[in-house]
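*Asks:* Have a look at the structure that comes next, please.
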Amino acid sequence: MSRAVIGVCVIGAGRAGMIHAGNFATAIPGACLAGLADPSQTAIKAAQARLPGAKAYADYRQALEDKQVNAVVVATPTQFHRQITIEAAQAGKHVLCEKPMAVNAGECQEMIAAADKHGVKLQIGFMRRFDAGFIAAKSRIELGQIGQVVLVKSLTHGPNVPKPWMYDIRKSNGPLAEVSSHDIDTLRWFTESEFEEVYAIAGNYRCEDARAQYPDFYDNFVMTVRLANGMQGLICGAQGVGYAYDARLEVLGTRGILLAGDLRQDSVTVCASGMDLTSSAVKSWWDLFAPAYACEARGFIDCIRADREPVVTGFDGLQAVKVVNAGNRSIVERRPVRLD
Ligand SMILES: NC(=O)c1ccc[n+]([C@@H]2O[C@H](COP(=O)([O-])OP(=O)(O)OC[C@H]3O[C@@H](n4cnc5c(N)ncnc54)[C@H](O)[C@@H]3O)[C@@H](O)[C@H]2O)c1
């Protein structure tokens with residue numbers, strides 16, 4: 001690849017897409033925001049208000065025909081990831097695809113095959129792998145500070161109620177996919193192993209409006225995990241908790257324990273007469289992981305320039321989707337499910 005600036009088009013100008021768009025517009029050396037594609041005029045107007053002058057496409061296929069576009073970020077609802085990624089690869093565009101990679105393993109395999117066939121990079125949006133705190137935690141484990149890893153617990157509780165497109169579990173795979181794909185990837189990363197068996201239970205405790213039309217929808221689950229190398233795992237996921245964005249990790253070893261993540265937004269604690277101790281809670285994932293999203297985007301551009309494997313590959317996305325599907329099956333069939 002020449003040293004020319006890499007033009008990136010963000011496909012899907014919603015919550016995740018606008019984080020990527022903001023980064024590529026201002027913060028990624030050697031790259032620029034080549035445009036935004038979204039069929040929603042409302043989304044495009046809001047995006048252009050935030051990023052004045054950004055080029056807009058009503059159909060992502062127009063962006064794929066544009067020579068100024070060298071790469072795309074796929075940040076649409078999950079059900080469209082497969083089609084857009086395959087078409088982007090066919091058009092010779094590198095792809096950073098948001099998590100969850102797709103709806104099932106077959107779709108992921110088609111995406112990987114398309115990227116391989118057309119010689120483009122395919123990176124998946126597990127930005128926790130670029131987060132300074134998670135990276136520090138992993139290196140402490142590699143240094144042997146807690147001995148051998150025995151149990152990895154990862155939780156993600158989101159403050160907001162799900163977007164309506166997430167209610168249909170057949171299309172979105174529910175909170176296991178939308179919230180806890182990150183936890184699944186964290187377990188694979190920290191155990192350096194694959195999931196062998198999962199047992200999950202779930203229920204809808206907060207989303208009254210989903211109950212009648214989507215009786216399968218759940219907003220809270222817990223999943224126990226047996227890893228292929230004998231380690232244990234536990235993942236808890238929730239949506240609509242309201243109190244904060246809560247993403248924490250606990251790793252129990254043979255000689256100690258490691259805790260990562262914090263409910264507090266910063267290190268400030270206030271104590272005044274007549275008050276309990278107070279701190280600000282983390283409000284959103286986009287604040288908590290803002291530096292990680294920027295590092296993820298830099299990593300994507302670096303792997304294009306250096307022609308090397310992305311830090312998070314299509315295989316990582318595929319393995320997480322397999323676990324999501326096994327977890328959802330476990331919920332429906334009320335039994336432990338083994339992975340291939
Ligand atoms: N990495 C993360 O931490 C993270 C955080 C949030 C969301 N996500 C993922 O990002 C994806 C989008 O989630 P979101 O919360 O931003 O959703 P959102 O509903 O806020 O935005 C989705 C946008 O995609 C647009 N869209 C729909 N179909 C499209 C198409 N065919 N072409 C172009 N645009 C289209 C919609 O109009 C909307 O503006 C999901 O896969 C989600 O899981 C990842």
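Residue numbering restarts at 1 in every chain; chains get A, B, ... in the order shown in the structure tokens, and ligands count up from 1 in that same order.
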Show me which residues line ligand 1, defined as having an atom within 8 Å of a ligand atom where only C-alpha atoms and all ligand atoms count, and present them as an NGL selection string.

*Replies:* :A and (11-18 or 37-40 or 43-44 or 58-60 or 74-81 or 84 or 98-101 or 125-127 or 163 or 165 or 177-179 or 182 or 285-286 or 289 or 293)

*Asks:* Report as a ChimeraX atom specification all protein, DNA and RNA residues lying within 6 Å of A:Leu151, evaluated on only C-alpha atoms, omitting residues in the same chain fewer than 2 positions from it.

*Replies:* /A:231-233,251-252

*Asks:* If we count only C-alpha atoms and set the cut-off at 7 Å, which residues sit around A:Val225, ignoring sequence neighbours fewer than 3 positions away in its own chain? Please answer as a CSV table (one decimal) with N, CA and C atoms, in the first residue's frame.

*Replies:*
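Final file, selection04.csv:
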chain,number,residue,atom,x,y,z
A,195,PHE,N,-13.8,-22.1,24.0
A,195,PHE,CA,-15.0,-22.6,24.8
A,195,PHE,C,-15.3,-24.0,24.5
A,197,GLU,N,-17.8,-25.9,26.7
A,197,GLU,CA,-19.2,-26.1,27.1
A,197,GLU,C,-19.7,-24.9,27.8
A,198,VAL,N,-21.0,-24.5,27.5
A,198,VAL,CA,-21.6,-23.4,28.2
A,198,VAL,C,-23.0,-23.8,28.8
A,199,TYR,N,-23.3,-23.2,29.9
A,199,TYR,CA,-24.7,-23.3,30.4
A,199,TYR,C,-25.2,-21.9,30.8
A,232,GLN,N,-11.9,-22.3,34.0
A,232,GLN,CA,-13.4,-22.0,34.2
A,232,GLN,C,-13.7,-20.6,33.8
A,233,GLY,N,-14.9,-20.3,33.4
A,233,GLY,CA,-15.4,-19.0,33.1
A,233,GLY,C,-16.8,-18.7,33.6
A,234,LEU,N,-17.0,-17.4,33.8
A,234,LEU,CA,-18.4,-17.0,34.1
A,234,LEU,C,-18.6,-15.6,33.5

*Asks:* Select, from A:Ala115, A:Ile201, A:Val150, A:Ala71, the residue with the minimum atom-to-atom distance to A:Pro336, counting only C-alpha atoms.

*Replies:*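 Result for the nearest residue to A:Pro336: A:Ile201.
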
*Asks:* Could you find all residues in stretch 21-103 of chain A that DSSP calls strand (DSSP E) from the backbone, and write them as a list in words?

*Replies:*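 Filtering stretch 21-103 of chain A down to strand (DSSP E) leaves Ala31, Cys32, Leu33, Ala34, Gly35, Leu36, Ala37, Ala56, Tyr57, Ala71, Val72, Val73, Val74, His94, Val95, Leu96 and Cys97 of chain A.
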
*Asks:* Taking the DSSP secondary structure from the backbone, can you list the residues of stretch 111-323 of chain A that are alpha helix (DSSP H), as a PyMOL selection string?

*Replies:* chain A and resi 111-118+132-142+169-172+174-178+181-191+208-211+285-288+290-306+314-323
